[in-house]
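Visitor: If it helps, the file is called target-v9.txt and holds compact mmCIF, N, CA and C atoms:
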```txt
# COMPACT_ATOMS: atom_id res chain seq x y z
N GLN A 29 17.76 -8.70 0.71
CA GLN A 29 17.39 -7.38 0.19
C GLN A 29 16.20 -7.54 -0.75
N VAL A 30 15.15 -6.81 -0.45
CA VAL A 30 13.93 -6.85 -1.27
C VAL A 30 13.83 -5.57 -2.07
N GLN A 31 13.59 -5.71 -3.35
CA GLN A 31 13.33 -4.55 -4.20
C GLN A 31 11.84 -4.50 -4.53
N LEU A 32 11.28 -3.31 -4.44
CA LEU A 32 9.85 -3.12 -4.67
C LEU A 32 9.65 -2.07 -5.75
N VAL A 33 8.79 -2.38 -6.69
CA VAL A 33 8.50 -1.45 -7.78
C VAL A 33 6.99 -1.30 -7.91
N GLU A 34 6.51 -0.08 -7.71
CA GLU A 34 5.09 0.20 -7.83
C GLU A 34 4.73 0.62 -9.25
N SER A 35 3.50 0.36 -9.62
CA SER A 35 2.98 0.81 -10.90
C SER A 35 1.47 0.97 -10.78
N GLY A 36 0.88 1.59 -11.80
CA GLY A 36 -0.57 1.70 -11.82
C GLY A 36 -1.11 3.06 -11.45
N GLY A 37 -0.24 3.95 -11.03
CA GLY A 37 -0.71 5.30 -10.71
C GLY A 37 -1.04 6.07 -11.97
N GLY A 38 -1.59 7.26 -11.77
CA GLY A 38 -1.93 8.09 -12.92
C GLY A 38 -2.92 9.16 -12.55
N LEU A 39 -3.49 9.76 -13.58
CA LEU A 39 -4.49 10.81 -13.41
C LEU A 39 -5.87 10.21 -13.63
N VAL A 40 -6.76 10.46 -12.69
CA VAL A 40 -8.11 9.93 -12.78
C VAL A 40 -9.08 10.98 -12.27
N GLN A 41 -10.28 10.97 -12.81
CA GLN A 41 -11.30 11.90 -12.33
C GLN A 41 -11.90 11.42 -11.02
N ALA A 42 -12.41 12.34 -10.26
CA ALA A 42 -13.08 11.99 -9.01
C ALA A 42 -14.19 10.98 -9.30
N GLY A 43 -14.27 9.97 -8.43
CA GLY A 43 -15.24 8.91 -8.63
C GLY A 43 -14.68 7.72 -9.39
N GLY A 44 -13.51 7.88 -9.96
CA GLY A 44 -12.90 6.81 -10.73
C GLY A 44 -12.16 5.81 -9.86
N SER A 45 -11.53 4.87 -10.54
CA SER A 45 -10.83 3.79 -9.85
C SER A 45 -9.41 3.63 -10.40
N LEU A 46 -8.55 3.12 -9.55
CA LEU A 46 -7.20 2.75 -9.96
C LEU A 46 -6.81 1.48 -9.25
N ARG A 47 -5.99 0.69 -9.90
CA ARG A 47 -5.42 -0.46 -9.25
C ARG A 47 -3.90 -0.32 -9.26
N LEU A 48 -3.36 -0.20 -8.06
CA LEU A 48 -1.91 -0.09 -7.91
C LEU A 48 -1.33 -1.48 -7.73
N SER A 49 -0.17 -1.68 -8.31
CA SER A 49 0.52 -2.96 -8.21
C SER A 49 1.93 -2.74 -7.69
N CYS A 50 2.40 -3.67 -6.90
CA CYS A 50 3.77 -3.62 -6.38
C CYS A 50 4.41 -4.96 -6.66
N ALA A 51 5.49 -4.93 -7.42
CA ALA A 51 6.22 -6.15 -7.75
C ALA A 51 7.47 -6.24 -6.89
N ALA A 52 7.66 -7.39 -6.26
CA ALA A 52 8.79 -7.58 -5.37
C ALA A 52 9.80 -8.55 -5.98
N SER A 53 11.05 -8.32 -5.68
CA SER A 53 12.10 -9.22 -6.12
C SER A 53 13.25 -9.19 -5.12
N GLY A 54 14.10 -10.20 -5.18
CA GLY A 54 15.31 -10.19 -4.39
C GLY A 54 15.18 -10.77 -2.99
N GLY A 55 14.03 -11.25 -2.63
CA GLY A 55 13.87 -11.81 -1.30
C GLY A 55 12.74 -12.81 -1.28
N THR A 56 12.46 -13.35 -0.11
CA THR A 56 11.35 -14.29 0.02
C THR A 56 10.09 -13.49 0.31
N PHE A 57 9.44 -13.08 -0.76
CA PHE A 57 8.28 -12.19 -0.67
C PHE A 57 7.23 -12.73 0.28
N SER A 58 7.04 -14.03 0.24
CA SER A 58 5.96 -14.63 1.03
C SER A 58 6.23 -14.60 2.53
N ARG A 59 7.38 -14.09 2.95
CA ARG A 59 7.68 -13.99 4.38
C ARG A 59 7.61 -12.55 4.87
N TYR A 60 7.08 -11.66 4.07
CA TYR A 60 6.99 -10.26 4.45
C TYR A 60 5.54 -9.80 4.51
N ALA A 61 5.21 -9.13 5.62
CA ALA A 61 3.97 -8.38 5.63
C ALA A 61 4.15 -7.19 4.69
N MET A 62 3.09 -6.78 4.04
CA MET A 62 3.18 -5.70 3.07
C MET A 62 2.21 -4.58 3.43
N GLY A 63 2.58 -3.40 3.03
CA GLY A 63 1.71 -2.26 3.28
C GLY A 63 1.74 -1.28 2.12
N TRP A 64 0.66 -0.54 2.00
CA TRP A 64 0.60 0.61 1.09
C TRP A 64 0.50 1.88 1.93
N PHE A 65 1.35 2.81 1.62
CA PHE A 65 1.35 4.11 2.27
C PHE A 65 1.14 5.19 1.21
N ARG A 66 0.82 6.37 1.68
CA ARG A 66 0.74 7.49 0.75
C ARG A 66 1.29 8.74 1.42
N GLN A 67 1.77 9.65 0.59
CA GLN A 67 2.29 10.91 1.10
C GLN A 67 1.90 12.03 0.15
N ALA A 68 1.12 12.95 0.66
CA ALA A 68 0.72 14.13 -0.10
C ALA A 68 1.71 15.25 0.17
N PRO A 69 1.82 16.22 -0.71
CA PRO A 69 2.75 17.33 -0.50
C PRO A 69 2.51 18.02 0.83
N GLY A 70 3.58 18.20 1.58
CA GLY A 70 3.49 18.90 2.86
C GLY A 70 2.91 18.07 3.99
N LYS A 71 2.64 16.80 3.74
CA LYS A 71 2.07 15.94 4.78
C LYS A 71 2.98 14.76 5.07
N GLN A 72 2.75 14.15 6.22
CA GLN A 72 3.52 12.97 6.59
C GLN A 72 3.04 11.75 5.81
N ARG A 73 3.93 10.81 5.68
CA ARG A 73 3.56 9.55 5.04
C ARG A 73 2.59 8.81 5.97
N GLU A 74 1.52 8.29 5.40
CA GLU A 74 0.52 7.63 6.22
C GLU A 74 0.14 6.28 5.62
N LEU A 75 -0.21 5.37 6.51
CA LEU A 75 -0.61 4.03 6.08
C LEU A 75 -1.98 4.09 5.41
N VAL A 76 -2.12 3.36 4.32
CA VAL A 76 -3.41 3.20 3.66
C VAL A 76 -4.00 1.84 4.02
N ALA A 77 -3.22 0.80 3.80
CA ALA A 77 -3.70 -0.56 4.06
C ALA A 77 -2.50 -1.48 4.23
N ALA A 78 -2.72 -2.60 4.93
CA ALA A 78 -1.65 -3.55 5.16
C ALA A 78 -2.20 -4.96 5.10
N ILE A 79 -1.31 -5.90 4.82
CA ILE A 79 -1.73 -7.30 4.70
C ILE A 79 -0.62 -8.18 5.25
N SER A 80 -1.00 -9.23 5.97
CA SER A 80 -0.02 -10.17 6.51
C SER A 80 0.57 -11.01 5.38
N TRP A 81 1.71 -11.66 5.68
CA TRP A 81 2.31 -12.41 4.57
C TRP A 81 1.51 -13.63 4.19
N SER A 82 0.72 -14.14 5.10
CA SER A 82 -0.15 -15.25 4.75
C SER A 82 -1.35 -14.79 3.93
N GLY A 83 -1.63 -13.49 3.99
CA GLY A 83 -2.78 -12.95 3.28
C GLY A 83 -4.08 -13.09 4.04
N THR A 84 -4.02 -13.70 5.22
CA THR A 84 -5.26 -13.96 5.96
C THR A 84 -5.77 -12.73 6.71
N ASN A 85 -4.86 -11.83 7.03
CA ASN A 85 -5.25 -10.63 7.78
C ASN A 85 -4.97 -9.37 6.99
N THR A 86 -5.92 -8.46 7.03
CA THR A 86 -5.76 -7.17 6.39
C THR A 86 -6.15 -6.06 7.35
N TYR A 87 -5.66 -4.88 7.06
CA TYR A 87 -5.93 -3.72 7.92
C TYR A 87 -6.08 -2.50 7.02
N TYR A 88 -7.07 -1.69 7.32
CA TYR A 88 -7.29 -0.46 6.57
C TYR A 88 -7.27 0.70 7.54
N ALA A 89 -6.42 1.65 7.26
CA ALA A 89 -6.31 2.81 8.15
C ALA A 89 -7.62 3.59 8.15
N ASP A 90 -7.99 4.03 9.32
CA ASP A 90 -9.26 4.73 9.50
C ASP A 90 -8.97 6.11 10.08
N TYR A 91 -8.93 7.10 9.25
CA TYR A 91 -8.73 8.47 9.68
C TYR A 91 -9.44 9.36 8.69
N ALA A 92 -9.52 10.60 9.00
CA ALA A 92 -10.19 11.54 8.09
C ALA A 92 -9.52 11.47 6.72
N ASP A 93 -10.30 11.41 5.70
CA ASP A 93 -9.82 11.33 4.31
C ASP A 93 -9.16 10.00 3.99
N SER A 94 -9.30 9.00 4.87
CA SER A 94 -8.72 7.70 4.54
C SER A 94 -9.52 7.04 3.43
N VAL A 95 -8.95 5.98 2.88
CA VAL A 95 -9.62 5.26 1.80
C VAL A 95 -10.35 4.02 2.32
N LYS A 96 -10.46 3.91 3.65
CA LYS A 96 -11.15 2.75 4.20
C LYS A 96 -12.56 2.68 3.64
N GLY A 97 -12.94 1.48 3.22
CA GLY A 97 -14.25 1.31 2.62
C GLY A 97 -14.25 1.56 1.11
N ARG A 98 -13.15 2.09 0.63
CA ARG A 98 -13.06 2.37 -0.81
C ARG A 98 -11.89 1.65 -1.46
N CYS A 99 -11.19 0.82 -0.69
CA CYS A 99 -10.05 0.13 -1.28
C CYS A 99 -9.96 -1.29 -0.76
N ILE A 100 -9.25 -2.11 -1.51
CA ILE A 100 -9.01 -3.49 -1.13
C ILE A 100 -7.54 -3.81 -1.39
N ILE A 101 -6.88 -4.35 -0.37
CA ILE A 101 -5.51 -4.80 -0.53
C ILE A 101 -5.51 -6.31 -0.70
N SER A 102 -4.66 -6.79 -1.56
CA SER A 102 -4.55 -8.23 -1.77
C SER A 102 -3.12 -8.55 -2.19
N ARG A 103 -2.78 -9.83 -2.15
CA ARG A 103 -1.44 -10.23 -2.56
C ARG A 103 -1.50 -11.58 -3.24
N ASP A 104 -0.52 -11.81 -4.09
CA ASP A 104 -0.35 -13.09 -4.76
C ASP A 104 1.09 -13.51 -4.53
N ASN A 105 1.31 -14.38 -3.58
CA ASN A 105 2.68 -14.77 -3.23
C ASN A 105 3.35 -15.55 -4.35
N ALA A 106 2.58 -16.22 -5.18
CA ALA A 106 3.16 -16.95 -6.30
C ALA A 106 3.72 -16.00 -7.35
N LYS A 107 3.14 -14.80 -7.43
CA LYS A 107 3.58 -13.80 -8.41
C LYS A 107 4.39 -12.68 -7.78
N ASN A 108 4.61 -12.77 -6.47
CA ASN A 108 5.39 -11.73 -5.76
C ASN A 108 4.81 -10.34 -5.98
N THR A 109 3.50 -10.24 -5.87
CA THR A 109 2.86 -8.95 -6.07
C THR A 109 1.86 -8.65 -4.95
N VAL A 110 1.68 -7.38 -4.70
CA VAL A 110 0.63 -6.92 -3.80
C VAL A 110 -0.13 -5.82 -4.54
N LEU A 111 -1.42 -5.86 -4.42
CA LEU A 111 -2.28 -4.93 -5.15
C LEU A 111 -3.06 -4.04 -4.19
N LEU A 112 -3.41 -2.86 -4.69
CA LEU A 112 -4.31 -1.98 -3.96
C LEU A 112 -5.34 -1.49 -4.97
N GLN A 113 -6.55 -1.99 -4.83
CA GLN A 113 -7.65 -1.54 -5.67
C GLN A 113 -8.34 -0.38 -4.97
N MET A 114 -8.40 0.76 -5.62
CA MET A 114 -9.01 1.95 -5.02
C MET A 114 -10.18 2.39 -5.88
N ASN A 115 -11.30 2.60 -5.23
CA ASN A 115 -12.52 3.00 -5.93
C ASN A 115 -13.05 4.31 -5.36
N SER A 116 -13.97 4.92 -6.09
CA SER A 116 -14.60 6.17 -5.65
C SER A 116 -13.56 7.17 -5.19
N LEU A 117 -12.55 7.36 -6.00
CA LEU A 117 -11.44 8.22 -5.62
C LEU A 117 -11.88 9.67 -5.49
N LYS A 118 -11.22 10.36 -4.57
CA LYS A 118 -11.52 11.75 -4.28
C LYS A 118 -10.26 12.59 -4.50
N PRO A 119 -10.39 13.88 -4.74
CA PRO A 119 -9.20 14.72 -4.91
C PRO A 119 -8.24 14.64 -3.73
N GLU A 120 -8.76 14.44 -2.53
CA GLU A 120 -7.89 14.34 -1.36
C GLU A 120 -7.09 13.04 -1.32
N ASP A 121 -7.36 12.12 -2.23
CA ASP A 121 -6.55 10.91 -2.35
C ASP A 121 -5.28 11.15 -3.15
N THR A 122 -5.14 12.34 -3.71
CA THR A 122 -3.96 12.67 -4.49
C THR A 122 -2.71 12.60 -3.61
N ALA A 123 -1.76 11.80 -4.03
CA ALA A 123 -0.53 11.58 -3.25
C ALA A 123 0.39 10.67 -4.04
N VAL A 124 1.60 10.54 -3.53
CA VAL A 124 2.48 9.47 -4.00
C VAL A 124 2.20 8.26 -3.13
N TYR A 125 1.97 7.13 -3.77
CA TYR A 125 1.66 5.90 -3.07
C TYR A 125 2.88 4.98 -3.11
N TYR A 126 3.20 4.47 -1.93
CA TYR A 126 4.37 3.61 -1.77
C TYR A 126 3.96 2.24 -1.26
N CYS A 127 4.61 1.20 -1.74
CA CYS A 127 4.46 -0.09 -1.07
C CYS A 127 5.72 -0.35 -0.26
N ALA A 128 5.55 -1.16 0.76
CA ALA A 128 6.64 -1.43 1.67
C ALA A 128 6.53 -2.85 2.21
N ALA A 129 7.68 -3.40 2.64
CA ALA A 129 7.75 -4.77 3.14
C ALA A 129 8.31 -4.79 4.54
N ALA A 130 7.68 -5.60 5.40
CA ALA A 130 8.09 -5.71 6.80
C ALA A 130 8.25 -7.18 7.16
N PRO A 131 9.37 -7.55 7.78
CA PRO A 131 9.56 -8.94 8.20
C PRO A 131 8.72 -9.23 9.44
N LYS A 132 7.66 -9.98 9.27
CA LYS A 132 6.74 -10.28 10.35
C LYS A 132 6.32 -11.74 10.29
N GLY A 133 5.62 -12.18 11.33
CA GLY A 133 5.08 -13.53 11.35
C GLY A 133 3.95 -13.68 10.36
N PRO A 134 3.51 -14.91 10.13
CA PRO A 134 2.56 -15.19 9.04
C PRO A 134 1.24 -14.44 9.13
N SER A 135 0.79 -14.15 10.33
CA SER A 135 -0.52 -13.51 10.46
C SER A 135 -0.44 -12.09 11.00
N THR A 136 0.76 -11.57 11.09
CA THR A 136 0.97 -10.26 11.70
C THR A 136 0.85 -9.13 10.69
N ILE A 137 0.12 -8.10 11.11
CA ILE A 137 -0.01 -6.89 10.32
C ILE A 137 1.00 -5.86 10.82
N ALA A 138 1.61 -5.15 9.92
CA ALA A 138 2.52 -4.06 10.30
C ALA A 138 1.83 -2.75 9.99
N THR A 139 1.67 -1.90 11.00
CA THR A 139 0.91 -0.67 10.81
C THR A 139 1.73 0.60 10.99
N LYS A 140 2.97 0.48 11.41
CA LYS A 140 3.80 1.64 11.64
C LYS A 140 4.87 1.76 10.57
N THR A 141 5.20 2.98 10.22
CA THR A 141 6.21 3.21 9.22
C THR A 141 7.52 2.53 9.58
N TYR A 142 7.87 2.59 10.86
CA TYR A 142 9.15 2.04 11.29
C TYR A 142 9.18 0.50 11.30
N ASP A 143 8.02 -0.14 11.12
CA ASP A 143 7.98 -1.60 11.00
C ASP A 143 8.57 -2.07 9.68
N TYR A 144 8.58 -1.17 8.70
CA TYR A 144 8.91 -1.57 7.34
C TYR A 144 10.38 -1.34 7.02
N ASP A 145 11.00 -2.37 6.46
CA ASP A 145 12.43 -2.31 6.13
C ASP A 145 12.69 -1.90 4.69
N TYR A 146 11.76 -2.18 3.81
CA TYR A 146 11.99 -1.95 2.38
C TYR A 146 10.85 -1.14 1.81
N TRP A 147 11.22 -0.22 0.92
CA TRP A 147 10.24 0.70 0.32
C TRP A 147 10.46 0.78 -1.19
N GLY A 148 9.36 0.94 -1.90
CA GLY A 148 9.46 1.23 -3.32
C GLY A 148 9.68 2.71 -3.55
N GLN A 149 9.79 3.08 -4.81
CA GLN A 149 10.06 4.48 -5.17
C GLN A 149 8.78 5.32 -5.24
N GLY A 150 7.65 4.66 -5.23
CA GLY A 150 6.38 5.38 -5.23
C GLY A 150 5.79 5.54 -6.62
N THR A 151 4.48 5.68 -6.65
CA THR A 151 3.76 5.95 -7.89
C THR A 151 2.76 7.08 -7.62
N GLN A 152 2.71 8.05 -8.51
CA GLN A 152 1.86 9.22 -8.30
C GLN A 152 0.42 8.90 -8.67
N VAL A 153 -0.47 9.27 -7.76
CA VAL A 153 -1.91 9.20 -8.02
C VAL A 153 -2.46 10.62 -7.92
N THR A 154 -3.09 11.06 -8.99
CA THR A 154 -3.68 12.39 -9.01
C THR A 154 -5.15 12.26 -9.36
N VAL A 155 -6.00 12.79 -8.50
CA VAL A 155 -7.44 12.73 -8.69
C VAL A 155 -7.94 14.14 -8.95
N SER A 156 -8.51 14.34 -10.11
CA SER A 156 -9.01 15.67 -10.47
C SER A 156 -10.49 15.79 -10.08
N SER A 157 -10.87 17.00 -9.75
CA SER A 157 -12.26 17.24 -9.33
C SER A 157 -13.15 17.57 -10.52
```
Rewrite the coordinates I just gave you, this time as structure tokens.
Guide:
Amino acid sequence: QVQLVESGGGLVQAGGSLRLSCAASGGTFSRYAMGWFRQAPGKQRELVAAISWSGTNTYYADYADSVKGRCIISRDNAKNTVLLQMNSLKPEDTAVYYCAAAPKGPSTIATKTYDYDYWGQGTQVTVSS
């Protein structure tokens, strides 16, 4: 059983930056692919970025209003953390951001919600215009 706790959300002006952090406990963190998702009011939860457990492979979702090109996902297996650095934030980035863990091979990226077995409680990101 893996427990995930997100932090780092908050209120930021458009154009600003935030660094989200997810701390994992209770399992072998280094054997899980990790992902950051977000969910805005009235919308489905969507993938933002994902990283393999080895850290060698990353994926950034590419859709309208995505943060691709404006964020970087990284992980530190020694510290059981995964980070999401987001820059040039826009009001449409406002959402609850969740981290999640998926049991995958060392270089495998998990891109679907159903790939993930464990979820954090989320951290609110609000971007004002």
Visitor: Counting only C-alpha atoms, which residue out of A:Tyr125, A:Glu74, A:Val30, A:Gly43 sits closest to Ala92 in chain A?
Guide: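 The closest residue to Ala92 in chain A is A:Glu74.
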Visitor: Between atom N of Lys96 in chain A and CA of Ser80 in chain A, what distance in Å does the model show, to one decimal?
Guide: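 Interatomic distance, atom N of Lys96 in chain A to CA of Ser80 in chain A: 17.8 Å.
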Visitor: If you count only C-alpha atoms, which residues fall within 6 Å of range 112-121 of chain A, apart from same-chain ones fewer than 6 positions away, as a PyMOL selection string?
Guide: chain A and resi 42-48+98-101+155-157
Visitor: Around (0.2, 8.6, -9.7) in the file's own coordinates, what residues are found within 7 Å if you use all atoms listed in the file, given back as a PyMOL selection string?
Guide: chain A and resi 36-39+123-125+151-154
Visitor: Mind pulling up the distance from CA of Thr141 in chain A to CA of Ser53 in chain A?
Guide: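 Distance between the two atoms: 20.6 Å.
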Visitor: Taking the backbone alone, and naming residues the way the document does, which bits of chain A are strand (DSSP E) by DSSP, as a PyMOL selection string?
Guide: chain A and resi 31-35+38-41+46-53+60-67+74-79+86-88+99-104+109-114+123-131+146-147+151-156
Visitor: Give me the residues within 9 Å of Gly83 in chain A as a list in words, counting only C-alpha atoms and dropping any in the same chain fewer than 2 places off.
Guide: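 The neighbour list is Ala61, Ile79, Ser80, Trp81, Asn85, Thr86, Ser102, Arg103, Asp104, Asn105, Pro134 and Ser135 of chain A.
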Visitor: Which distance in Å separates atom C of Thr122 in chain A and atom C of Ser35 in chain A, to one decimal?
Guide: 14.3 Å
